[in-house]
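Trainee: Input structure: entry_13.csv, which contains CSV, C-alpha atoms and all ligand atoms.
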```
chain,number,residue,atom,x,y,z
M,806,MET,CA,-23.6,-1.4,21.3
M,807,MET,CA,-22.3,-1.8,17.8
M,808,LYS,CA,-23.6,-4.8,15.9
M,809,PRO,CA,-21.1,-7.7,15.7
M,810,TYR,CA,-19.4,-8.0,12.3
M,811,VAL,CA,-20.2,-11.1,10.2
M,812,PRO,CA,-18.1,-11.2,7.1
M,813,SER,CA,-19.7,-12.0,3.7
M,814,VAL,CA,-19.8,-15.7,3.1
M,815,ASP,CA,-19.1,-15.0,-0.6
M,816,ARG,CA,-15.9,-13.0,0.1
M,817,TYR,CA,-13.6,-15.4,-1.8
M,818,THR,CA,-16.0,-16.2,-4.7
M,819,PRO,CA,-15.1,-13.5,-7.1
M,820,ALA,CA,-11.9,-12.4,-5.4
M,821,LYS,CA,-8.6,-12.7,-7.3
M,822,TYR,CA,-5.1,-13.2,-6.1
M,823,ARG,CA,-1.6,-13.2,-7.5
M,824,ARG,CA,1.4,-15.1,-6.2
M,825,CYS,CA,4.0,-12.9,-4.6
M,826,GLY,CA,7.2,-13.5,-6.5
M,827,ARG,CA,8.5,-17.0,-6.0
M,828,SER,CA,6.9,-17.6,-2.6
M,829,GLY,CA,4.0,-19.5,-1.1
M,830,ILE,CA,2.0,-16.3,-0.5
M,831,GLN,CA,-0.8,-15.0,-2.7
M,832,LEU,CA,-2.0,-11.4,-2.3
M,833,PRO,CA,-5.3,-9.9,-3.4
M,834,LEU,CA,-5.0,-7.8,-6.6
M,835,VAL,CA,-6.2,-4.9,-4.5
M,836,SER,CA,-4.8,-4.4,-1.0
M,837,LEU,CA,-5.8,-1.7,1.5
M,838,GLY,CA,-3.3,0.7,3.2
M,839,LEU,CA,-4.0,2.5,6.5
M,840,TRP,CA,-1.7,5.5,6.0
M,841,HIS,CA,-4.5,8.1,5.9
M,842,ASN,CA,-8.0,8.0,7.4
M,843,PHE,CA,-7.3,5.4,10.1
M,844,GLY,CA,-5.6,7.7,12.6
M,845,GLY,CA,-6.6,9.1,16.0
M,846,VAL,CA,-7.9,12.2,14.2
M,847,ASP,CA,-10.3,10.1,12.1
M,848,THR,CA,-13.6,8.4,13.0
M,849,LEU,CA,-13.3,4.9,14.3
M,850,GLU,CA,-16.7,3.9,12.8
M,851,ASN,CA,-15.6,4.9,9.3
M,852,ALA,CA,-12.3,3.0,9.7
M,853,ARG,CA,-14.3,-0.1,10.8
M,854,ARG,CA,-16.6,0.1,7.9
M,855,MET,CA,-13.7,0.4,5.5
M,856,LEU,CA,-11.9,-2.6,7.0
M,857,PHE,CA,-15.1,-4.7,6.9
M,858,THR,CA,-15.9,-3.6,3.3
M,859,ALA,CA,-12.4,-4.6,2.2
M,860,PHE,CA,-12.6,-8.0,3.9
M,861,ASP,CA,-16.0,-8.7,2.5
M,862,LEU,CA,-14.6,-8.1,-1.0
M,863,GLY,CA,-11.8,-10.6,-0.5
M,864,ILE,CA,-9.1,-8.1,0.4
M,865,THR,CA,-7.0,-10.1,2.8
M,866,HIS,CA,-4.0,-7.8,3.0
M,867,PHE,CA,-3.8,-4.7,5.2
M,868,ASP,CA,-0.7,-2.5,5.2
M,869,LEU,CA,0.4,-0.4,8.1
M,870,ALA,CA,3.6,1.3,9.4
M,871,ASN,CA,4.7,2.4,12.8
M,872,ASN,CA,4.0,6.1,12.2
M,873,TYR,CA,0.7,6.0,10.3
M,874,GLY,CA,-1.9,8.3,11.9
M,875,PRO,CA,-1.7,11.1,12.9
M,876,PRO,CA,-0.6,10.9,15.7
M,877,TYR,CA,2.1,8.3,15.0
M,878,GLY,CA,1.1,4.8,16.0
M,879,SER,CA,-2.6,5.5,16.0
M,880,ALA,CA,-3.4,3.7,12.7
M,881,GLU,CA,-2.0,0.5,14.3
M,882,GLN,CA,-4.1,1.2,17.4
M,883,THR,CA,-7.2,1.6,15.3
M,884,PHE,CA,-6.4,-1.6,13.5
M,885,GLY,CA,-5.8,-3.4,16.8
M,886,THR,CA,-9.1,-2.1,18.2
M,887,VAL,CA,-11.1,-3.5,15.2
M,888,LEU,CA,-9.1,-6.7,15.2
M,889,ALA,CA,-9.8,-7.3,18.9
M,890,ALA,CA,-13.5,-6.6,18.6
M,891,ASP,CA,-14.3,-8.1,15.2
M,892,LEU,CA,-11.6,-9.6,13.1
M,893,ARG,CA,-9.7,-11.8,15.6
M,894,PRO,CA,-11.6,-15.0,14.4
M,895,TYR,CA,-10.2,-14.3,10.9
M,896,ARG,CA,-6.6,-13.7,11.8
M,897,ASP,CA,-5.4,-16.6,9.8
M,898,GLU,CA,-7.1,-15.2,6.7
M,899,LEU,CA,-5.2,-12.0,6.9
M,900,ILE,CA,-1.8,-10.7,5.8
M,901,ILE,CA,-1.0,-7.8,8.1
M,902,SER,CA,2.2,-5.8,7.4
M,903,THR,CA,4.0,-3.0,9.2
M,904,LYS,CA,7.2,-1.1,8.7
M,905,ALA,CA,9.9,1.0,10.4
M,906,GLY,CA,12.4,3.3,8.7
M,907,TYR,CA,11.0,6.9,9.0
M,908,ASP,CA,10.8,9.2,12.0
M,909,MET,CA,9.0,7.6,14.9
M,910,TRP,CA,10.4,8.6,18.3
M,911,PRO,CA,12.9,11.2,19.5
M,912,GLY,CA,16.6,10.6,19.7
M,913,PRO,CA,19.0,8.6,17.6
M,914,TYR,CA,17.2,5.2,17.8
M,915,GLY,CA,13.8,6.2,16.5
M,916,ASP,CA,14.5,6.7,12.8
M,917,GLY,CA,16.6,5.1,10.0
M,918,GLY,CA,17.8,1.5,9.5
M,919,SER,CA,19.6,0.4,12.6
M,920,ARG,CA,18.9,-3.0,14.1
M,921,LYS,CA,18.2,-1.2,17.4
M,922,TYR,CA,15.4,0.9,15.8
M,923,LEU,CA,13.8,-1.9,13.7
M,924,VAL,CA,13.6,-4.5,16.4
M,925,ALA,CA,12.3,-2.1,19.1
M,926,SER,CA,9.8,-0.6,16.6
M,927,LEU,CA,8.3,-4.0,15.7
M,928,ASP,CA,7.8,-4.8,19.4
M,929,GLN,CA,5.9,-1.6,19.8
M,930,SER,CA,3.8,-2.2,16.6
M,931,LEU,CA,2.9,-5.7,17.9
M,932,LYS,CA,1.7,-4.2,21.2
M,933,ARG,CA,-0.4,-1.5,19.5
M,934,MET,CA,-2.1,-4.0,17.2
M,935,GLY,CA,-2.4,-6.7,19.9
M,936,LEU,CA,-0.6,-9.2,17.7
M,937,ASP,CA,1.9,-12.0,18.4
M,938,TYR,CA,3.4,-11.6,14.9
M,939,VAL,CA,2.9,-9.6,11.7
M,940,ASP,CA,2.9,-11.3,8.4
M,941,ILE,CA,5.3,-8.9,6.7
M,942,PHE,CA,7.8,-6.6,8.3
M,943,TYR,CA,9.4,-4.0,6.1
M,944,SER,CA,12.5,-1.8,6.2
M,945,HIS,CA,10.5,1.3,5.2
M,946,ARG,CA,13.4,2.9,3.3
M,947,PRO,CA,17.1,2.5,2.7
M,948,ASP,CA,19.3,4.3,5.2
M,949,PRO,CA,22.5,5.5,3.6
M,950,ASP,CA,24.1,5.8,7.1
M,951,THR,CA,23.5,2.3,8.2
M,952,PRO,CA,25.3,-0.7,6.5
M,953,LEU,CA,22.7,-2.6,4.5
M,954,GLU,CA,23.8,-5.8,6.1
M,955,GLU,CA,22.8,-4.5,9.6
M,956,THR,CA,19.3,-3.6,8.4
M,957,MET,CA,18.8,-6.9,6.6
M,958,MET,CA,20.1,-8.7,9.7
M,959,ALA,CA,17.4,-7.0,11.7
M,960,LEU,CA,14.7,-8.3,9.3
M,961,ASP,CA,16.3,-11.8,9.5
M,962,GLN,CA,16.3,-11.6,13.3
M,963,VAL,CA,12.6,-10.7,13.7
M,964,VAL,CA,11.6,-13.5,11.2
M,965,ARG,CA,13.7,-16.0,13.1
M,966,GLN,CA,12.1,-14.8,16.4
M,967,GLY,CA,8.7,-15.4,14.9
M,968,LYS,CA,7.7,-11.8,15.2
M,969,ALA,CA,7.3,-11.6,11.5
M,970,LEU,CA,6.7,-14.4,9.0
M,971,TYR,CA,8.2,-12.6,6.0
M,972,ALA,CA,10.6,-9.8,5.3
M,973,GLY,CA,10.1,-6.9,2.9
M,974,ILE,CA,11.8,-3.7,1.7
M,975,SER,CA,10.3,-0.4,0.5
M,976,ASN,CA,11.6,2.5,-1.4
M,977,TYR,CA,15.0,0.8,-2.2
M,978,GLY,CA,16.4,1.6,-5.6
M,979,ALA,CA,17.0,-1.1,-8.2
M,980,GLU,CA,20.7,-1.7,-7.4
M,981,GLU,CA,20.1,-1.5,-3.6
M,982,THR,CA,17.3,-4.0,-4.0
M,983,ASP,CA,19.5,-6.4,-5.8
M,984,HIS,CA,22.0,-6.2,-3.0
M,985,ALA,CA,19.5,-6.4,-0.2
M,986,VAL,CA,17.8,-9.4,-1.7
M,987,ALA,CA,21.2,-11.2,-2.0
M,988,VAL,CA,22.1,-10.4,1.6
M,989,LEU,CA,18.7,-11.6,2.8
M,990,ARG,CA,19.1,-14.8,0.8
M,991,GLU,CA,22.5,-15.4,2.3
M,992,LEU,CA,21.1,-15.0,5.8
M,993,GLY,CA,18.4,-17.6,5.0
M,994,THR,CA,15.4,-15.2,5.0
M,995,PRO,CA,14.2,-14.5,1.4
M,996,CYS,CA,12.9,-11.1,0.6
M,997,LEU,CA,9.2,-11.6,-0.1
M,998,ILE,CA,8.2,-8.3,-1.5
M,999,HIS,CA,9.2,-4.8,-2.5
M,1000,GLN,CA,6.7,-1.9,-1.7
M,1001,ALA,CA,7.2,0.8,-4.3
M,1002,LYS,CA,5.5,4.0,-5.4
M,1003,TYR,CA,4.0,3.3,-8.8
M,1004,SER,CA,1.3,5.0,-10.8
M,1005,MET,CA,0.7,6.6,-14.2
M,1006,PHE,CA,2.4,9.7,-12.7
M,1007,GLU,CA,5.3,7.9,-11.1
M,1008,ARG,CA,7.1,5.5,-13.4
M,1009,TRP,CA,10.6,5.0,-11.7
M,1010,VAL,CA,10.1,1.3,-11.1
M,1011,GLU,CA,10.0,0.7,-14.8
M,1012,ARG,CA,13.6,1.9,-15.1
M,1013,GLY,CA,15.3,-1.2,-13.6
M,1014,LEU,CA,13.5,-2.1,-10.4
M,1015,LEU,CA,10.9,-4.4,-11.9
M,1016,ASP,CA,13.6,-6.3,-13.8
M,1017,VAL,CA,15.5,-6.9,-10.6
M,1018,LEU,CA,12.3,-8.1,-8.9
M,1019,LYS,CA,11.5,-10.4,-11.8
M,1020,LYS,CA,15.0,-11.8,-11.8
M,1021,THR,CA,15.1,-12.4,-8.1
M,1022,GLY,CA,11.6,-13.7,-7.7
M,1023,THR,CA,10.5,-10.9,-5.4
M,1024,GLY,CA,6.9,-9.7,-5.4
M,1025,CYS,CA,6.0,-6.0,-5.8
M,1026,ILE,CA,3.1,-4.1,-4.2
M,1027,ALA,CA,2.5,-0.7,-5.8
M,1028,PHE,CA,1.7,2.2,-3.3
M,1029,SER,CA,-0.1,5.4,-4.0
M,1030,PRO,CA,-1.5,3.9,-7.3
M,1031,LEU,CA,-4.0,6.9,-7.5
M,1032,ALA,CA,-1.2,9.4,-6.8
M,1033,GLN,CA,-3.0,10.0,-3.4
M,1034,GLY,CA,-6.3,10.8,-5.1
M,1035,LEU,CA,-5.0,13.0,-7.9
M,1036,LEU,CA,-5.5,10.2,-10.5
M,1037,THR,CA,-9.2,10.2,-10.0
M,1038,ASP,CA,-12.0,12.6,-10.9
M,1039,ARG,CA,-12.0,14.1,-7.4
M,1040,TYR,CA,-10.1,17.3,-8.2
M,1041,LEU,CA,-11.5,18.1,-11.6
M,1042,LYS,CA,-13.9,20.7,-10.2
M,1043,GLY,CA,-11.8,22.2,-7.4
M,1044,ILE,CA,-10.7,20.8,-4.1
M,1045,PRO,CA,-13.5,19.0,-2.2
M,1046,GLY,CA,-13.7,19.8,1.5
M,1047,ASP,CA,-13.5,16.1,2.5
M,1048,SER,CA,-10.5,15.3,0.2
M,1049,ARG,CA,-6.9,14.5,1.2
M,1050,ALA,CA,-5.6,17.7,-0.3
M,1051,ALA,CA,-8.0,19.7,2.0
M,1052,LYS,CA,-6.5,18.2,5.1
M,1053,ALA,CA,-3.8,20.3,6.9
M,1054,TYR,CA,-1.7,17.3,7.9
M,1055,SER,CA,-2.0,15.4,4.6
M,1056,ALA,CA,1.0,14.6,2.3
M,1057,LEU,CA,-0.9,15.7,-0.8
M,1058,LYS,CA,-0.3,19.5,-1.0
M,1059,THR,CA,-2.6,21.7,-3.1
M,1060,GLU,CA,0.6,23.0,-4.9
M,1061,GLN,CA,0.9,19.5,-6.4
M,1062,ILE,CA,-2.5,19.9,-8.1
M,1063,THR,CA,-1.2,22.0,-11.0
M,1064,LYS,CA,-3.1,23.1,-14.1
M,1065,GLU,CA,-0.8,20.8,-16.2
M,1066,LYS,CA,-1.6,17.8,-14.0
M,1067,LEU,CA,-5.3,18.5,-14.1
M,1068,ALA,CA,-5.2,18.7,-17.9
M,1069,MET,CA,-3.7,15.2,-18.0
M,1070,VAL,CA,-6.2,14.0,-15.4
M,1071,ALA,CA,-9.1,15.3,-17.5
M,1072,ALA,CA,-7.7,13.6,-20.7
M,1073,LEU,CA,-7.2,10.3,-18.8
M,1074,ASN,CA,-10.7,10.7,-17.3
M,1075,ALA,CA,-12.1,10.8,-20.9
M,1076,VAL,CA,-10.2,7.6,-21.8
M,1077,ALA,CA,-11.5,5.9,-18.7
M,1078,GLY,CA,-15.1,7.1,-19.5
M,1079,ARG,CA,-14.9,5.4,-23.0
M,1080,ARG,CA,-13.9,2.2,-21.2
M,1081,ASN,CA,-17.0,2.6,-19.0
M,1082,GLN,CA,-14.7,3.0,-15.9
M,1083,THR,CA,-13.9,5.8,-13.6
M,1084,LEU,CA,-10.3,7.2,-13.7
M,1085,ALA,CA,-9.6,5.6,-10.3
M,1086,GLN,CA,-10.6,2.2,-11.7
M,1087,MET,CA,-8.5,2.6,-14.8
M,1088,ALA,CA,-5.5,3.7,-12.8
M,1089,VAL,CA,-5.8,0.5,-10.7
M,1090,VAL,CA,-6.0,-2.0,-13.5
M,1091,TRP,CA,-3.4,-0.1,-15.6
M,1092,LEU,CA,-0.8,-1.1,-13.0
M,1093,LEU,CA,-1.9,-4.7,-13.0
M,1094,ARG,CA,-1.1,-4.9,-16.8
M,1095,ARG,CA,2.5,-5.6,-15.6
M,1096,PRO,CA,2.9,-9.2,-14.3
M,1097,GLU,CA,5.6,-8.1,-11.9
M,1098,ILE,CA,3.0,-6.2,-9.9
M,1099,THR,CA,1.5,-8.6,-7.3
M,1100,SER,CA,-1.0,-6.2,-5.8
M,1101,VAL,CA,-2.1,-2.6,-6.0
M,1102,LEU,CA,-2.1,-0.9,-2.6
M,1103,ILE,CA,-4.9,1.6,-2.5
M,1104,GLY,CA,-5.9,4.1,0.2
M,1105,ALA,CA,-9.4,5.2,0.8
M,1106,SER,CA,-11.5,7.7,2.8
M,1107,LYS,CA,-14.9,5.9,2.3
M,1108,PRO,CA,-16.1,2.3,1.9
M,1109,GLU,CA,-17.5,3.1,-1.6
M,1110,GLN,CA,-14.0,3.9,-2.9
M,1111,ILE,CA,-12.9,0.4,-2.0
M,1112,HIS,CA,-15.9,-1.1,-3.7
M,1113,SER,CA,-15.2,0.9,-6.8
M,1114,CYS,CA,-11.4,0.0,-6.9
M,1115,VAL,CA,-12.2,-3.7,-6.6
M,1116,ALA,CA,-15.0,-3.5,-9.2
M,1117,ALA,CA,-12.4,-2.2,-11.6
M,1118,LEU,CA,-11.0,-5.8,-11.8
M,1119,GLY,CA,-14.0,-6.7,-14.0
M,1120,ARG,CA,-12.5,-4.5,-16.8
M,1121,ALA,CA,-8.8,-5.1,-16.6
M,1122,GLU,CA,-7.8,-5.6,-20.3
M,1123,PHE,CA,-6.5,-2.8,-22.4
M,1124,ALA,CA,-6.5,-2.5,-26.2
M,1125,ALA,CA,-3.0,-1.5,-27.6
M,1126,GLU,CA,-4.5,1.8,-28.8
M,1127,GLU,CA,-5.7,2.6,-25.3
M,1128,LEU,CA,-2.3,2.0,-23.8
M,1129,GLU,CA,-0.8,4.2,-26.5
M,1130,GLU,CA,-3.2,7.0,-25.9
M,1131,ILE,CA,-2.5,6.9,-22.2
M,1132,GLU,CA,1.3,7.1,-22.9
M,1133,LYS,CA,0.7,10.1,-25.2
M,1134,ILE,CA,-1.4,11.9,-22.6
M,1135,LEU,CA,1.3,11.3,-20.0
M,1136,GLY,CA,3.9,12.7,-22.5
M,1137,HIS,CA,5.8,9.5,-23.0
M,1138,ASN,CA,5.7,9.5,-26.8
B,1,LIG,P1,-3.8,6.1,-3.4
B,1,LIG,O1,-3.0,6.7,-4.4
B,1,LIG,O2,-4.7,5.0,-3.6
B,1,LIG,O3,-4.7,7.3,-2.8
B,1,LIG,C1,-5.8,7.1,-1.9
B,1,LIG,C2,-6.8,8.3,-2.1
B,1,LIG,O4,-7.4,8.3,-3.4
B,1,LIG,C3,-8.0,8.1,-1.1
B,1,LIG,O5,-7.7,8.6,0.2
B,1,LIG,C4,-9.0,8.9,-1.8
B,1,LIG,O6,-8.9,10.3,-1.6
B,1,LIG,C5,-8.8,8.6,-3.3
B,1,LIG,N1,-9.5,7.4,-3.8
B,1,LIG,C6,-9.4,6.1,-3.5
B,1,LIG,N2,-10.2,5.3,-4.2
B,1,LIG,C7,-11.0,6.2,-4.9
B,1,LIG,C8,-12.0,6.0,-5.8
B,1,LIG,N3,-12.5,4.8,-6.1
B,1,LIG,N4,-12.5,7.1,-6.4
B,1,LIG,C9,-12.1,8.3,-6.2
B,1,LIG,N5,-11.1,8.6,-5.3
B,1,LIG,C10,-10.5,7.5,-4.7
B,1,LIG,O7,-3.0,5.6,-2.2
B,1,LIG,P2,-2.3,6.2,-0.8
B,1,LIG,O8,-1.4,7.4,-1.2
B,1,LIG,O9,-3.3,6.4,0.2
B,1,LIG,O10,-1.3,5.0,-0.5
B,1,LIG,C11,-1.9,3.7,-0.3
B,1,LIG,C12,-1.1,3.0,0.8
B,1,LIG,O11,0.2,2.7,0.3
B,1,LIG,C13,-1.0,3.7,2.1
B,1,LIG,O12,-2.1,3.5,2.9
B,1,LIG,C14,0.2,2.9,2.7
B,1,LIG,O13,-0.2,1.7,3.2
B,1,LIG,C15,1.1,2.7,1.4
B,1,LIG,N6,2.1,3.7,1.3
B,1,LIG,C16,3.4,3.3,1.5
B,1,LIG,C17,4.5,4.2,1.4
B,1,LIG,C18,5.9,3.7,1.6
B,1,LIG,O14,6.8,4.5,1.7
B,1,LIG,N7,6.1,2.4,1.6
B,1,LIG,C19,4.2,5.6,1.2
B,1,LIG,C20,2.8,6.0,0.9
B,1,LIG,C21,1.8,5.0,1.0
B,1,LIG,P3,-9.7,11.1,-0.6
B,1,LIG,O15,-9.1,10.8,0.8
B,1,LIG,O16,-9.4,12.5,-1.0
B,1,LIG,O17,-11.1,10.7,-0.7
```
Kindly return the structure encoded in the file as structure tokens.
Mentor:
Amino acid sequence: MMKPYVPSVDRYTPAKYRRCGRSGIQLPLVSLGLWHNFGGVDTLENARRMLFTAFDLGITHFDLANNYGPPYGSAEQTFGTVLAADLRPYRDELIISTKAGYDMWPGPYGDGGSRKYLVASLDQSLKRMGLDYVDIFYSHRPDPDTPLEETMMALDQVVRQGKALYAGISNYGAEETDHAVAVLRELGTPCLIHQAKYSMFERWVERGLLDVLKKTGTGCIAFSPLAQGLLTDRYLKGIPGDSRAAKAYSALKTEQITKEKLAMVAALNAVAGRRNQTLAQMAVVWLLRRPEITSVLIGASKPEQIHSCVAALGRAEFAAEELEEIEKILGHN
């Protein structure tokens, strides 16, 4: 028998939150995503420990998608198992999100942006997690073959049905976002949040998207803030056996860990060291320098990594010279 989980009574004392656009929702500065390390191939006990560690640190937001695993659906199952056993009493303290948009089941209705796919997928997600509703339901990506109006109507529908409290979009470009937000507003369901890839190595959001989000009062949650682990000290001495890059099914391929990237990582690591931080910690707070960023959505393979990312918040300010040095290392000036 596993010991029952009792959350830290201090979980909200040092925790910090930011308002998500012009909405009533505040999100923790660091949120936890379940893309990797929560699947059927992973250890349930480690997944439990990571979820408890996060909640104990005031992380109230957990991000999922229909196909997180592997296998597809298994991260939602893991989350549902832990929720049923331990987190159920705290449901009203949690913001749980899921998504549909990428490949999920065979045939023409298990991928893309159709109303058929999104509505059926959310029903499946709710079953896997044992939930009546999720807090945020996302269109995981724009589908060029489906009218944007249809995808937005699906989000509006699930919100009106009470299966999701808020609607979100992910991976939509700046112009598409402007359009999607306008359609949702017209339908009467505002767009709460945009989930976008953003890190020192991935700056596309700075070229228009963040302006659109600011203008429209939409929140932004930055995914893969550590470039899947590359923006840490993990790969400076080779590829550790327990790292994401070492896993056959992972999205971080060893080819992406080039000599040039590693040289940048080493230089950034030195800047972080002078700030008395690890590179992972500096990469998290560097994103929060932008007020448009509501939350930084990390992944983790161990509870200690979550601790360390949250501890970074204690050293969040940057001197102008530090920011300049980082830009220089990244080749931006
Ligand atoms: P990160 O960039 O944060 O990478 C996470 C990895 O970084 C961990 O698995 C771990 O690597 C390493 N790491 C984390 N903390 C530390 C630390 N303190 N010190 C050293 N290494 C550390 O994020 P992910 O790529 O995992 O993405 C985060 C979440 O974003 C996902 O879970 C998902 O919810 C969401 N996402 C959304 C997408 C979308 O299209 N909307 C796409 C991708 C992600 P290791 O495992 O090697 O230990």
Trainee: Show me which residues are within 7 Å of ligand LIG 1 (chain B) counting all atoms listed in the file, and format the list as a PyMOL selection string.
Mentor: chain M and resi 837-841+868-869+945-946+975-976+1000-1002+1028-1035+1037-1039+1047-1050+1085-1086+1102-1107+1109-1111+1113-1114
Trainee: From the options M:Pro809, M:Pro1108, M:Gly912, M:Gly826, which residue's atoms come nearest to Cys996 (chain M), counting all atoms listed in the file?
Mentor: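 Smallest separation from Cys996 (chain M) among the options: M:Gly826.
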Trainee: Enumerate, in order of chain and increasing residue number, the residues of region 940-1000 of chain M with an atom no farther than 6 Å from region 1008-1023 of chain M, each with its shortest atom pair and distance in Å to one decimal, counting only C-alpha atoms, as JSON lines.
Mentor:
```
{"residue": "M:Ala979", "atom": "CA", "partner": "M:Leu1014", "partner_atom": "CA", "distance": 4.3}
{"residue": "M:Leu997", "atom": "CA", "partner": "M:Thr1023", "partner_atom": "CA", "distance": 5.5}
{"residue": "M:Ile998", "atom": "CA", "partner": "M:Thr1023", "partner_atom": "CA", "distance": 5.2}
```
Trainee: Could you name the residues that touch Leu1118 (chain M) at 9 Å or less, counting only C-alpha atoms, but leaving out those on the same chain fewer than 4 positions away, as a PyMOL selection string?
Mentor: chain M and resi 821+834-835+1086+1089-1090+1114
Trainee: Output as a Markdown table one row per residue of region 838-907 of chain M within 12 Å of region 1051-1075 of chain M: the closest atom pair and its distance in Å to one decimal place, counting only C-alpha atoms, sorted by chain and residue number ascending.
Mentor:
```
| residue | atom | partner | partner_atom | distance |
| --- | --- | --- | --- | --- |
| M:Trp840 | CA | M:Ser1055 | CA | 10.0 |
| M:His841 | CA | M:Ser1055 | CA | 7.8 |
| M:Asn842 | CA | M:Ser1055 | CA | 9.9 |
| M:Gly844 | CA | M:Tyr1054 | CA | 11.4 |
| M:Val846 | CA | M:Tyr1054 | CA | 10.2 |
| M:Asp847 | CA | M:Lys1052 | CA | 11.4 |
| M:Tyr873 | CA | M:Ser1055 | CA | 11.3 |
| M:Gly874 | CA | M:Tyr1054 | CA | 9.9 |
| M:Pro875 | CA | M:Tyr1054 | CA | 8.0 |
| M:Pro876 | CA | M:Tyr1054 | CA | 10.1 |
```
Trainee: Using all atoms listed in the file, which residues sit within 9 Å of region 949-955 of chain M once same-chain residues fewer than 3 positions away are excluded, as a PyMOL selection string?
Mentor: chain M and resi 917-920+958-960+981+984-985+988-989
Trainee: Write out, as a compact mmCIF listing (two decimals), in the frame of the given file, the residues just selected, with C-alpha atoms.
Mentor:
```
# COMPACT_ATOMS: atom_id res chain seq x y z
CA GLY M 917 16.60 5.10 10.00
CA GLY M 918 17.80 1.50 9.50
CA SER M 919 19.60 0.40 12.60
CA ARG M 920 18.90 -3.00 14.10
CA MET M 958 20.10 -8.70 9.70
CA ALA M 959 17.40 -7.00 11.70
CA LEU M 960 14.70 -8.30 9.30
CA GLU M 981 20.10 -1.50 -3.60
CA HIS M 984 22.00 -6.20 -3.00
CA ALA M 985 19.50 -6.40 -0.20
CA VAL M 988 22.10 -10.40 1.60
CA LEU M 989 18.70 -11.60 2.80
```
Trainee: Near Ala859 (chain M), counting all atoms listed in the file, which residues have an atom at most 9 Å away, once you skip same-chain residues fewer than 3 positions from it, shown as a PDB file with C-alpha atoms, in the coordinates of the input?
Mentor:
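result.pdb, freshly written:
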```pdb
ATOM      1  CA  SER M 836      -4.800  -4.400  -1.000  1.00  0.00           C
ATOM      2  CA  LEU M 837      -5.800  -1.700   1.500  1.00  0.00           C
ATOM      3  CA  ARG M 854     -16.600   0.100   7.900  1.00  0.00           C
ATOM      4  CA  MET M 855     -13.700   0.400   5.500  1.00  0.00           C
ATOM      5  CA  LEU M 856     -11.900  -2.600   7.000  1.00  0.00           C
ATOM      6  CA  LEU M 862     -14.600  -8.100  -1.000  1.00  0.00           C
ATOM      7  CA  GLY M 863     -11.800 -10.600  -0.500  1.00  0.00           C
ATOM      8  CA  ILE M 864      -9.100  -8.100   0.400  1.00  0.00           C
ATOM      9  CA  THR M 865      -7.000 -10.100   2.800  1.00  0.00           C
ATOM     10  CA  PRO M1108     -16.100   2.300   1.900  1.00  0.00           C
ATOM     11  CA  ILE M1111     -12.900   0.400  -2.000  1.00  0.00           C
ATOM     12  CA  HIS M1112     -15.900  -1.100  -3.700  1.00  0.00           C
ATOM     13  CA  VAL M1115     -12.200  -3.700  -6.600  1.00  0.00           C
TER      14      VAL M1115
END
```
Trainee: Identify which of the residues M:Met1087, M:Met807, M:Val963, M:Leu1092 lies closest to Leu931 (chain M), counting only C-alpha atoms when measuring atom-to-atom distances.
Mentor: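 Result for the nearest residue to Leu931 (chain M): M:Val963.
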Trainee: What is the distance, in Å and to one decimal place, between CA of Val939 (chain M) and CA of Tyr817 (chain M)?
Mentor: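 Separating CA of Val939 (chain M) from CA of Tyr817 (chain M) is a distance of 22.1 Å.
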Trainee: Would you compute the distance between CA of Val887 (chain M) and CA of Arg853 (chain M)? Give it in Å to one decimal.
Mentor: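 Rounded to one decimal, the two atoms are 6.4 Å apart.
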Trainee: Can you pull out the residues contacting region 964-967 of chain M? Cut-off 10 Å, using all atoms listed in the file, and skip same-chain residues under 5 positions away; I want them as a VMD selection string.
Mentor: chain M and resid 937 to 942 958 to 959 972 993 to 994
Trainee: Could you state the separation of CA of Met1005 (chain M) and CA of Lys1133 (chain M) in Å, given to one decimal place?
Mentor: 11.5 Å
Trainee: Tell me, as a tab-separated table (two decimals) with C-alpha atoms, in the coordinates of the input, which residues lie within 9 Å of Leu992 (chain M), counting all atoms listed in the file; anything in the same chain fewer than 5 positions away does not count.
Mentor:
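File produced: around-v5.tsv:
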```tsv
chain	number	residue	atom	x	y	z
M	957	MET	CA	18.80	-6.90	6.60
M	958	MET	CA	20.10	-8.70	9.70
M	961	ASP	CA	16.30	-11.80	9.50
M	987	ALA	CA	21.20	-11.20	-2.00
```
Trainee: Using only C-alpha atoms for the distances, tell me which of M:Ile1026, M:Leu849, M:Asp861, M:Arg896 is nearest to Ala820 (chain M).
Mentor: M:Asp861
Trainee: Go through M:Asp908, M:Glu898, M:Glu881, M:Glu1132 one by one, measure the shortest atom-to-atom distance of each to Pro833 (chain M) using all atoms listed in the file, and give the residue with the smallest value.
Mentor: M:Glu898
Trainee: Counting all atoms listed in the file, which residue out of M:Gly885, M:Pro947, M:Gly973, M:Gly978 sits closest to Met934 (chain M)?
Mentor: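 Nearest candidate to Met934 (chain M) out of M:Gly885, M:Pro947, M:Gly973, M:Gly978: M:Gly885.
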Trainee: M:Thr903, M:Ser813, M:Gln882, M:Ser1100: which is nearest Arg933 (chain M), counting only C-alpha atoms?
Mentor: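 Closest residue, counting only C-alpha atoms: M:Gln882.
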